[in-house]
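*Asks:* So here's final.cif (mmCIF, C-alpha atoms; chains and numbers go by the auth columns).
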```
data_start
loop_
_atom_site.group_PDB
_atom_site.id
_atom_site.type_symbol
_atom_site.label_atom_id
_atom_site.label_comp_id
_atom_site.label_asym_id
_atom_site.label_seq_id
_atom_site.Cartn_x
_atom_site.Cartn_y
_atom_site.Cartn_z
_atom_site.B_iso_or_equiv
_atom_site.auth_seq_id
_atom_site.auth_asym_id
ATOM 1 C CA MET A 1 141.571 100.587 83.048 0.00 1 A
ATOM 2 C CA GLN A 2 138.309 101.831 84.514 0.00 2 A
ATOM 3 C CA PRO A 3 137.060 105.150 83.136 0.00 3 A
ATOM 4 C CA VAL A 4 137.360 108.116 85.485 0.00 4 A
ATOM 5 C CA LEU A 5 134.815 110.051 83.445 0.00 5 A
ATOM 6 C CA LYS A 6 132.571 109.614 80.438 0.00 6 A
ATOM 7 C CA ILE A 7 131.489 112.524 78.253 0.00 7 A
ATOM 8 C CA SER A 8 128.307 111.967 76.272 0.00 8 A
ATOM 9 C CA ASN A 9 126.940 114.153 73.459 0.00 9 A
ATOM 10 C CA LEU A 10 128.512 117.291 74.932 0.00 10 A
ATOM 11 C CA THR A 11 127.495 120.433 73.037 0.00 11 A
ATOM 12 C CA LYS A 12 128.266 124.076 73.767 0.00 12 A
ATOM 13 C CA GLU A 13 126.643 126.953 71.896 0.00 13 A
ATOM 14 C CA TYR A 14 127.259 130.686 72.156 0.00 14 A
ATOM 15 C CA GLN A 15 125.222 133.530 70.754 0.00 15 A
ATOM 16 C CA LEU A 16 127.306 135.839 68.555 0.00 16 A
ATOM 17 C CA ASP A 17 125.437 138.848 67.151 0.00 17 A
ATOM 18 C CA GLY A 18 122.192 136.928 67.369 0.00 18 A
ATOM 19 C CA THR A 19 123.604 133.862 65.611 0.00 19 A
ATOM 20 C CA ALA A 20 124.244 130.546 67.355 0.00 20 A
ATOM 21 C CA PHE A 21 127.896 129.457 67.266 0.00 21 A
ATOM 22 C CA ARG A 22 128.609 125.841 68.213 0.00 22 A
ATOM 23 C CA ALA A 23 131.964 125.616 70.016 0.00 23 A
ATOM 24 C CA LEU A 24 131.535 121.912 70.823 0.00 24 A
ATOM 25 C CA ASN A 25 129.413 119.514 68.821 0.00 25 A
ATOM 26 C CA GLU A 26 128.235 116.284 70.489 0.00 26 A
ATOM 27 C CA ILE A 27 131.585 115.301 71.982 0.00 27 A
ATOM 28 C CA LYS A 28 131.803 111.670 73.087 0.00 28 A
ATOM 29 C CA LEU A 29 134.874 110.756 75.100 0.00 29 A
ATOM 30 C CA THR A 30 135.964 108.251 77.729 0.00 30 A
ATOM 31 C CA ILE A 31 138.959 109.026 79.927 0.00 31 A
ATOM 32 C CA PRO A 32 140.550 106.015 81.693 0.00 32 A
ATOM 33 C CA ALA A 33 141.653 106.400 85.302 0.00 33 A
ATOM 34 C CA GLY A 34 145.364 107.085 85.619 0.00 34 A
ATOM 35 C CA SER A 35 145.749 107.979 81.940 0.00 35 A
ATOM 36 C CA PHE A 36 147.464 110.961 80.325 0.00 36 A
ATOM 37 C CA THR A 37 145.370 112.259 77.438 0.00 37 A
ATOM 38 C CA THR A 38 146.557 115.127 75.251 0.00 38 A
ATOM 39 C CA VAL A 39 144.271 117.276 73.116 0.00 39 A
ATOM 40 C CA VAL A 40 145.526 119.123 70.035 0.00 40 A
ATOM 41 C CA GLY A 41 143.888 121.283 67.392 0.00 41 A
ATOM 42 C CA LYS A 42 143.931 124.664 65.760 0.00 42 A
ATOM 43 C CA SER A 43 143.020 127.824 67.670 0.00 43 A
ATOM 44 C CA GLY A 44 139.249 127.967 68.086 0.00 44 A
ATOM 45 C CA SER A 45 138.809 124.207 67.776 0.00 45 A
ATOM 46 C CA GLY A 46 137.160 123.954 71.205 0.00 46 A
ATOM 47 C CA LYS A 47 140.059 122.614 73.303 0.00 47 A
ATOM 48 C CA THR A 48 139.877 125.159 76.128 0.00 48 A
ATOM 49 C CA THR A 49 136.070 125.171 76.098 0.00 49 A
ATOM 50 C CA LEU A 50 136.093 121.409 76.640 0.00 50 A
ATOM 51 C CA LEU A 51 138.472 121.717 79.604 0.00 51 A
ATOM 52 C CA ARG A 52 136.484 124.561 81.154 0.00 52 A
ATOM 53 C CA ILE A 53 133.248 122.569 80.987 0.00 53 A
ATOM 54 C CA ILE A 54 134.886 119.498 82.543 0.00 54 A
ATOM 55 C CA ALA A 55 136.266 121.783 85.269 0.00 55 A
ATOM 56 C CA GLY A 56 132.841 123.285 85.937 0.00 56 A
ATOM 57 C CA LEU A 57 133.976 126.767 84.889 0.00 57 A
ATOM 58 C CA GLU A 58 131.373 126.782 82.105 0.00 58 A
ATOM 59 C CA LYS A 59 128.102 124.953 81.567 0.00 59 A
ATOM 60 C CA ALA A 60 127.383 122.789 78.561 0.00 60 A
ATOM 61 C CA THR A 61 124.337 123.547 76.426 0.00 61 A
ATOM 62 C CA THR A 62 123.473 119.847 76.217 0.00 62 A
ATOM 63 C CA GLY A 63 125.137 116.562 77.074 0.00 63 A
ATOM 64 C CA GLU A 64 126.504 114.911 80.181 0.00 64 A
ATOM 65 C CA ILE A 65 129.736 114.381 82.091 0.00 65 A
ATOM 66 C CA ASN A 66 129.549 111.288 84.294 0.00 66 A
ATOM 67 C CA TYR A 67 132.262 110.613 86.869 0.00 67 A
ATOM 68 C CA LEU A 68 133.310 107.215 88.134 0.00 68 A
ATOM 69 C CA SER A 69 131.479 106.463 91.351 0.00 69 A
ATOM 70 C CA GLY A 70 133.608 107.184 94.394 0.00 70 A
ATOM 71 C CA SER A 71 136.232 109.247 92.587 0.00 71 A
ATOM 72 C CA SER A 72 137.209 112.743 93.693 0.00 72 A
ATOM 73 C CA VAL A 73 136.987 114.377 90.260 0.00 73 A
ATOM 74 C CA GLN A 74 133.874 116.349 91.120 0.00 74 A
ATOM 75 C CA ARG A 75 136.424 119.072 91.827 0.00 75 A
ATOM 76 C CA PRO A 76 139.166 118.609 89.236 0.00 76 A
ATOM 77 C CA ALA A 77 142.247 120.796 89.492 0.00 77 A
ATOM 78 C CA PHE A 78 142.976 123.274 86.688 0.00 78 A
ATOM 79 C CA VAL A 79 146.426 124.470 85.601 0.00 79 A
ATOM 80 C CA PHE A 80 146.366 127.518 83.319 0.00 80 A
ATOM 81 C CA GLN A 81 148.843 128.631 80.663 0.00 81 A
ATOM 82 C CA GLU A 82 150.168 131.325 82.997 0.00 82 A
ATOM 83 C CA ALA A 83 151.302 130.338 86.478 0.00 83 A
ATOM 84 C CA ARG A 84 149.001 132.988 88.022 0.00 84 A
ATOM 85 C CA LEU A 85 150.872 133.001 91.323 0.00 85 A
ATOM 86 C CA LEU A 86 149.959 135.705 93.810 0.00 86 A
ATOM 87 C CA PRO A 87 153.015 137.999 93.857 0.00 87 A
ATOM 88 C CA TRP A 88 152.683 138.953 97.539 0.00 88 A
ATOM 89 C CA LEU A 89 152.792 135.307 98.681 0.00 89 A
ATOM 90 C CA THR A 90 155.795 132.996 98.811 0.00 90 A
ATOM 91 C CA VAL A 91 155.971 129.766 96.807 0.00 91 A
ATOM 92 C CA GLU A 92 154.927 127.821 99.905 0.00 92 A
ATOM 93 C CA GLN A 93 152.002 130.181 100.572 0.00 93 A
ATOM 94 C CA ASN A 94 150.866 130.061 96.938 0.00 94 A
ATOM 95 C CA ILE A 95 150.708 126.272 96.998 0.00 95 A
ATOM 96 C CA ALA A 96 148.778 126.334 100.282 0.00 96 A
ATOM 97 C CA PHE A 97 146.432 129.132 99.226 0.00 97 A
ATOM 98 C CA PRO A 98 143.526 127.071 97.731 0.00 98 A
ATOM 99 C CA LEU A 99 143.075 125.120 100.977 0.00 99 A
ATOM 100 C CA GLN A 100 143.931 127.869 103.450 0.00 100 A
ATOM 101 C CA GLY A 101 141.293 127.798 106.189 0.00 101 A
ATOM 102 C CA LYS A 102 139.742 124.600 104.804 0.00 102 A
ATOM 103 C CA LEU A 103 142.095 122.122 106.468 0.00 103 A
ATOM 104 C CA GLU A 104 143.715 121.824 109.856 0.00 104 A
ATOM 105 C CA GLN A 105 147.046 123.640 109.729 0.00 105 A
ATOM 106 C CA VAL A 106 149.034 120.473 110.470 0.00 106 A
ATOM 107 C CA GLU A 107 147.501 118.585 107.541 0.00 107 A
ATOM 108 C CA LEU A 108 147.869 121.581 105.226 0.00 108 A
ATOM 109 C CA SER A 109 151.531 121.959 106.149 0.00 109 A
ATOM 110 C CA GLN A 110 152.122 118.268 105.465 0.00 110 A
ATOM 111 C CA ARG A 111 150.480 118.511 102.053 0.00 111 A
ATOM 112 C CA VAL A 112 152.499 121.590 101.134 0.00 112 A
ATOM 113 C CA LYS A 113 155.724 119.921 102.247 0.00 113 A
ATOM 114 C CA ARG A 114 154.941 116.881 100.046 0.00 114 A
ATOM 115 C CA GLN A 115 154.353 119.087 97.010 0.00 115 A
ATOM 116 C CA LEU A 116 157.513 121.108 97.582 0.00 116 A
ATOM 117 C CA GLN A 117 159.547 117.895 97.766 0.00 117 A
ATOM 118 C CA LEU A 118 157.818 116.320 94.764 0.00 118 A
ATOM 119 C CA LEU A 119 158.355 119.401 92.592 0.00 119 A
ATOM 120 C CA GLY A 120 161.909 120.137 93.703 0.00 120 A
ATOM 121 C CA LEU A 121 160.926 123.461 95.267 0.00 121 A
ATOM 122 C CA THR A 122 161.866 122.897 98.909 0.00 122 A
ATOM 123 C CA GLU A 123 164.824 125.278 98.679 0.00 123 A
ATOM 124 C CA PHE A 124 162.580 127.959 97.167 0.00 124 A
ATOM 125 C CA ALA A 125 159.658 127.652 99.620 0.00 125 A
ATOM 126 C CA ALA A 126 160.268 131.152 101.026 0.00 126 A
ATOM 127 C CA ALA A 127 160.917 132.795 97.643 0.00 127 A
ATOM 128 C CA TYR A 128 158.423 135.148 96.008 0.00 128 A
ATOM 129 C CA PRO A 129 157.250 134.681 92.381 0.00 129 A
ATOM 130 C CA ALA A 130 159.467 137.532 91.162 0.00 130 A
ATOM 131 C CA GLN A 131 162.499 135.704 92.563 0.00 131 A
ATOM 132 C CA ILE A 132 162.055 132.407 90.686 0.00 132 A
ATOM 133 C CA SER A 133 162.217 131.318 87.039 0.00 133 A
ATOM 134 C CA GLY A 134 159.240 130.714 84.775 0.00 134 A
ATOM 135 C CA GLY A 135 159.755 126.960 85.024 0.00 135 A
ATOM 136 C CA MET A 136 159.742 127.096 88.820 0.00 136 A
ATOM 137 C CA ALA A 137 156.616 129.246 88.753 0.00 137 A
ATOM 138 C CA GLN A 138 154.841 126.634 86.621 0.00 138 A
ATOM 139 C CA ARG A 139 155.929 123.894 89.028 0.00 139 A
ATOM 140 C CA ALA A 140 154.484 125.947 91.889 0.00 140 A
ATOM 141 C CA ALA A 141 151.229 126.321 89.926 0.00 141 A
ATOM 142 C CA LEU A 142 151.176 122.547 89.483 0.00 142 A
ATOM 143 C CA GLY A 143 151.736 122.095 93.221 0.00 143 A
ATOM 144 C CA ARG A 144 148.774 124.388 93.863 0.00 144 A
ATOM 145 C CA ALA A 145 146.665 122.027 91.725 0.00 145 A
ATOM 146 C CA LEU A 146 148.032 118.773 93.145 0.00 146 A
ATOM 147 C CA ILE A 147 147.439 119.872 96.736 0.00 147 A
ATOM 148 C CA TYR A 148 143.713 119.221 96.243 0.00 148 A
ATOM 149 C CA GLU A 149 144.562 115.506 95.989 0.00 149 A
ATOM 150 C CA THR A 150 141.925 115.150 93.286 0.00 150 A
ATOM 151 C CA ASP A 151 141.949 112.288 90.767 0.00 151 A
ATOM 152 C CA LEU A 152 141.781 114.561 87.708 0.00 152 A
ATOM 153 C CA ILE A 153 144.174 117.323 86.610 0.00 153 A
ATOM 154 C CA LEU A 154 143.217 119.597 83.694 0.00 154 A
ATOM 155 C CA MET A 155 146.076 121.499 82.031 0.00 155 A
ATOM 156 C CA ASP A 156 145.501 124.222 79.436 0.00 156 A
ATOM 157 C CA GLU A 157 148.778 124.784 77.555 0.00 157 A
ATOM 158 C CA PRO A 158 150.708 125.187 80.821 0.00 158 A
ATOM 159 C CA LEU A 159 154.117 125.093 79.120 0.00 159 A
ATOM 160 C CA GLY A 160 153.326 127.380 76.210 0.00 160 A
ATOM 161 C CA ALA A 161 155.048 130.442 77.656 0.00 161 A
ATOM 162 C CA LEU A 162 158.335 128.686 78.458 0.00 162 A
ATOM 163 C CA ASP A 163 161.497 128.679 76.360 0.00 163 A
ATOM 164 C CA ALA A 164 162.423 125.444 74.574 0.00 164 A
ATOM 165 C CA PHE A 165 164.941 124.285 77.217 0.00 165 A
ATOM 166 C CA ASN A 166 162.662 124.827 80.220 0.00 166 A
ATOM 167 C CA ARG A 167 159.701 123.428 78.317 0.00 167 A
ATOM 168 C CA ARG A 168 161.447 120.132 77.588 0.00 168 A
ATOM 169 C CA LYS A 169 162.774 119.907 81.134 0.00 169 A
ATOM 170 C CA LEU A 170 159.302 120.418 82.605 0.00 170 A
ATOM 171 C CA GLN A 171 157.787 117.919 80.152 0.00 171 A
ATOM 172 C CA GLU A 172 160.164 115.289 81.530 0.00 172 A
ATOM 173 C CA GLU A 173 159.346 116.317 85.100 0.00 173 A
ATOM 174 C CA LEU A 174 155.617 116.061 84.395 0.00 174 A
ATOM 175 C CA GLN A 175 156.073 112.493 83.174 0.00 175 A
ATOM 176 C CA THR A 176 157.837 111.561 86.406 0.00 176 A
ATOM 177 C CA ILE A 177 155.397 113.410 88.660 0.00 177 A
ATOM 178 C CA PHE A 178 152.243 111.922 87.180 0.00 178 A
ATOM 179 C CA ALA A 179 153.693 108.434 86.926 0.00 179 A
ATOM 180 C CA ALA A 180 154.456 108.600 90.664 0.00 180 A
ATOM 181 C CA ASN A 181 151.047 110.021 91.603 0.00 181 A
ATOM 182 C CA GLN A 182 148.884 107.980 89.207 0.00 182 A
ATOM 183 C CA LYS A 183 146.745 111.012 88.440 0.00 183 A
ATOM 184 C CA THR A 184 144.434 111.266 85.455 0.00 184 A
ATOM 185 C CA VAL A 185 145.491 114.128 83.195 0.00 185 A
ATOM 186 C CA ILE A 186 143.855 115.923 80.274 0.00 186 A
ATOM 187 C CA PHE A 187 146.451 118.196 78.710 0.00 187 A
ATOM 188 C CA VAL A 188 145.714 120.750 75.979 0.00 188 A
ATOM 189 C CA THR A 189 148.536 121.844 73.688 0.00 189 A
ATOM 190 C CA HIS A 190 149.212 123.291 70.221 0.00 190 A
ATOM 191 C CA ASP A 191 152.471 121.354 70.036 0.00 191 A
ATOM 192 C CA VAL A 192 152.070 117.956 68.345 0.00 192 A
ATOM 193 C CA GLU A 193 155.496 116.734 69.507 0.00 193 A
ATOM 194 C CA GLU A 194 154.585 117.659 73.094 0.00 194 A
ATOM 195 C CA ALA A 195 151.272 115.835 72.741 0.00 195 A
ATOM 196 C CA ILE A 196 153.049 112.672 71.606 0.00 196 A
ATOM 197 C CA PHE A 197 155.835 112.943 74.198 0.00 197 A
ATOM 198 C CA LEU A 198 153.440 113.301 77.135 0.00 198 A
ATOM 199 C CA GLY A 199 150.272 111.523 76.066 0.00 199 A
ATOM 200 C CA GLU A 200 149.193 107.924 76.020 0.00 200 A
ATOM 201 C CA LYS A 201 146.413 109.002 73.687 0.00 201 A
ATOM 202 C CA VAL A 202 146.224 112.068 71.446 0.00 202 A
ATOM 203 C CA ILE A 203 142.822 113.533 70.573 0.00 203 A
ATOM 204 C CA VAL A 204 142.459 115.876 67.609 0.00 204 A
ATOM 205 C CA LEU A 205 139.715 118.514 67.832 0.00 205 A
ATOM 206 C CA ASP A 206 138.476 120.698 64.979 0.00 206 A
ATOM 207 C CA GLU A 207 135.448 122.971 64.858 0.00 207 A
ATOM 208 C CA GLY A 208 134.196 121.489 68.107 0.00 208 A
ATOM 209 C CA GLN A 209 134.350 117.875 66.962 0.00 209 A
ATOM 210 C CA ILE A 210 136.721 114.986 67.585 0.00 210 A
ATOM 211 C CA LEU A 211 138.368 114.300 64.231 0.00 211 A
ATOM 212 C CA ALA A 212 140.607 111.464 65.359 0.00 212 A
ATOM 213 C CA GLU A 213 142.161 109.633 68.286 0.00 213 A
ATOM 214 C CA PHE A 214 145.689 108.225 68.216 0.00 214 A
ATOM 215 C CA LYS A 215 147.211 105.789 70.678 0.00 215 A
ATOM 216 C CA VAL A 216 150.878 106.484 71.458 0.00 216 A
ATOM 217 C CA PRO A 217 152.959 103.283 71.626 0.00 217 A
ATOM 218 C CA ILE A 218 154.676 102.796 74.975 0.00 218 A
ATOM 219 C CA THR A 219 157.872 101.700 73.239 0.00 219 A
ATOM 220 C CA ALA A 220 158.198 103.208 69.788 0.00 220 A
ATOM 221 C CA GLU A 221 161.057 103.726 67.382 0.00 221 A
ATOM 222 C CA ASN A 222 161.766 107.170 65.967 0.00 222 A
ATOM 223 C CA SER A 223 160.291 106.148 62.620 0.00 223 A
ATOM 224 C CA GLN A 224 157.004 105.173 64.295 0.00 224 A
ATOM 225 C CA LEU A 225 156.854 108.455 66.216 0.00 225 A
ATOM 226 C CA PHE A 226 157.590 110.415 63.035 0.00 226 A
ATOM 227 C CA THR A 227 154.753 108.620 61.237 0.00 227 A
ATOM 228 C CA LEU A 228 152.423 109.251 64.171 0.00 228 A
ATOM 229 C CA LYS A 229 153.323 112.955 64.139 0.00 229 A
ATOM 230 C CA GLU A 230 152.666 113.180 60.400 0.00 230 A
ATOM 231 C CA ASN A 231 149.297 111.416 60.785 0.00 231 A
ATOM 232 C CA ILE A 232 148.239 113.803 63.548 0.00 232 A
ATOM 233 C CA ILE A 233 149.295 116.864 61.551 0.00 233 A
ATOM 234 C CA THR A 234 147.461 115.556 58.483 0.00 234 A
ATOM 235 C CA SER A 235 144.352 115.030 60.600 0.00 235 A
ATOM 236 C CA ILE A 236 144.561 118.592 61.989 0.00 236 A
ATOM 237 C CA ASN A 237 144.969 120.088 58.514 0.00 237 A
ATOM 238 C CA SER A 238 142.363 117.942 56.794 0.00 238 A
#
```
Would you mind writing the file's structure down as structure tokens?
*Replies:*
Amino acid sequence: MQPVLKISNLTKEYQLDGTAFRALNEIKLTIPAGSFTTVVGKSGSGKTTLLRIIAGLEKATTGEINYLSGSSVQRPAFVFQEARLLPWLTVEQNIAFPLQGKLEQVELSQRVKRQLQLLGLTEFAAAYPAQISGGMAQRAALGRALIYETDLILMDEPLGALDAFNRRKLQEELQTIFAANQKTVIFVTHDVEEAIFLGEKVIVLDEGQILAEFKVPITAENSQLFTLKENIITSINS
């Protein structure tokens, strides 16, 4: 697969009490188009910082992010841990909000309708955030990201606040949604099992560096997945 972006020697430094703290240290990473990459690591390993720089929410100290020519990832979509829906808007209005006034109303309505159907939210289009479950709210947040029709979706622990049942259900839905849309996804999580379940490749970050990369077999027996999980955990704790 062609790469959708290449990250070269990406470094991010902060000043803490007059001392330089390196959150990312010369990250080198290639993300194939249409792939689902998961990123795991301890708190403070640099996972969210990496996503925020790719999204353009922060600037790197040094290094480059090069996008595939002709792709629409110059404005990647970002899904946060919390749904962050506007409580005074309906589900339909929340999904439309990022492009309100930027598209003709007919096209915007068509895009919103597609997202509602894709995410199973058509019946809840007129509901307000307080009237829907946490899982539905996260689906609406995903719809708000997908409506951009960008090639790249960045997700920062979007399922972390859900209970185990809703989390697993939404994991399965995410697999279906992204397989149908052929989007490129970079997904940050603390959950190694989630990283393996969703990802085609799992990247382990620690102290701002890539410790290891693991390819997830498309068809794998439970014993293989257990071994993969143990190898990832060992890498994180090394």
*Asks:* Given the PyMOL selection byres ((chain A and resi 87-91) around 9) and the file above, list the residues it selects as a list in words.
*Replies:* Arg84, Leu85, Leu86, Glu92, Gln93, Asn94, Ile95, Ala96, Phe97, Leu116, Leu121, Phe124, Ala125, Ala126, Ala127, Tyr128, Pro129, Ala130, Ala137 and Ala140 of chain A
*Asks:* May I ask which of the residues A:Leu51, A:Ala83, A:Ile31, A:Leu108 is the closest one to Glu200 (chain A), counting all atoms listed in the file?
*Replies:* A:Ile31
*Asks:* Which residues come within 6 Å of region 143-156 of chain A, counting all atoms listed in the file, excluding same-chain residues fewer than 6 positions away, as an mmCIF file with C-alpha atoms, in the coordinates of the input?
*Replies:*
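Full text of selection.cif as output:
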```cif
data_model
loop_
_atom_site.group_PDB
_atom_site.id
_atom_site.type_symbol
_atom_site.label_atom_id
_atom_site.label_comp_id
_atom_site.auth_asym_id
_atom_site.auth_seq_id
_atom_site.Cartn_x
_atom_site.Cartn_y
_atom_site.Cartn_z
ATOM 1 C CA SER A 72 137.209 112.743 93.693
ATOM 2 C CA VAL A 73 136.987 114.377 90.260
ATOM 3 C CA PRO A 76 139.166 118.609 89.236
ATOM 4 C CA ALA A 77 142.247 120.796 89.492
ATOM 5 C CA PHE A 78 142.976 123.274 86.688
ATOM 6 C CA VAL A 79 146.426 124.470 85.601
ATOM 7 C CA PHE A 80 146.366 127.518 83.319
ATOM 8 C CA GLN A 81 148.843 128.631 80.663
ATOM 9 C CA ILE A 95 150.708 126.272 96.998
ATOM 10 C CA GLN A 115 154.353 119.087 97.010
ATOM 11 C CA LYS A 183 146.745 111.012 88.440
ATOM 12 C CA THR A 184 144.434 111.266 85.455
ATOM 13 C CA VAL A 185 145.491 114.128 83.195
ATOM 14 C CA ILE A 186 143.855 115.923 80.274
ATOM 15 C CA PHE A 187 146.451 118.196 78.710
ATOM 16 C CA VAL A 188 145.714 120.750 75.979
#
```
*Asks:* List the spatial neighbours of Lys169 (chain A) as a CSV table (one decimal) with C-alpha atoms, in the coordinates of the input - criterion: any atom at most 12 Å away, all atoms listed in the file, same-chain residues fewer than 3 positions off excluded.
*Replies:*
```
chain,number,residue,atom,x,y,z
A,134,GLY,CA,159.2,130.7,84.8
A,135,GLY,CA,159.8,127.0,85.0
A,136,MET,CA,159.7,127.1,88.8
A,138,GLN,CA,154.8,126.6,86.6
A,139,ARG,CA,155.9,123.9,89.0
A,159,LEU,CA,154.1,125.1,79.1
A,162,LEU,CA,158.3,128.7,78.5
A,163,ASP,CA,161.5,128.7,76.4
A,164,ALA,CA,162.4,125.4,74.6
A,165,PHE,CA,164.9,124.3,77.2
A,166,ASN,CA,162.7,124.8,80.2
A,172,GLU,CA,160.2,115.3,81.5
A,173,GLU,CA,159.3,116.3,85.1
A,174,LEU,CA,155.6,116.1,84.4
A,175,GLN,CA,156.1,112.5,83.2
A,176,THR,CA,157.8,111.6,86.4
A,194,GLU,CA,154.6,117.7,73.1
```
*Asks:* When you count only C-alpha atoms, which of these residues is closest to Thr234 (chain A): A:Thr37, A:Ala141, A:Val204, A:Glu64?
*Replies:*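 When distances to Thr234 (chain A) are compared using only C-alpha atoms, the smallest one comes from A:Val204.
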*Asks:* Calculated over only C-alpha atoms, which of the candidates A:Ala161, A:Leu225, A:Ala179, A:Ile54 has the smallest distance to Lys12 (chain A)?
*Replies:* A:Ile54
*Asks:* Kindly indicate which residue among A:Leu99, A:Phe226, A:Glu82, A:Tyr14 lies nearest to Glu58 (chain A), using all atoms listed in the file for the distances.
*Replies:*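 The answer is A:Tyr14, which sits nearest to Glu58 (chain A).
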*Asks:* Around all the atoms of region 32-46 of chain A listed in the file, draw an axis-aligned box and extend it by 4 Å on each of the six sides; I want its centre and edge lengths in Å to one decimal, as JSON.
*Replies:*
```
{"center_x": 142.3, "center_y": 117.0, "center_z": 75.7, "size_x": 18.3, "size_y": 30.0, "size_z": 27.9}
```
*Asks:* What lies within 12 Å of Pro217 (chain A) using all atoms listed in the file, ignoring chain neighbours under 6 positions off, as a PyMOL selection string?
*Replies:* chain A and resi 196-202+223-225+227-228
*Asks:* Mind giving me the straight-line distance from CA of Ile233 (chain A) to CA of Ser35 (chain A) in Å, one decimal?
*Replies:*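 Between these atoms lies a distance of 22.5 Å.
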*Asks:* Once the PyMOL selection byres ((chain A and resi 45) around 9) has been applied to the shown file, what residues remain in the selection, as a PyMOL selection string?
*Replies:* chain A and resi 23-24+40-44+46-49+205-209
*Asks:* In Å, rounded to a single decimal, give me how far CA of Ile7 (chain A) is from CA of Lys28 (chain A).
*Replies:*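 Atom-to-atom, CA of Lys28 (chain A) and CA of Ile7 (chain A) are spaced 5.2 Å apart.
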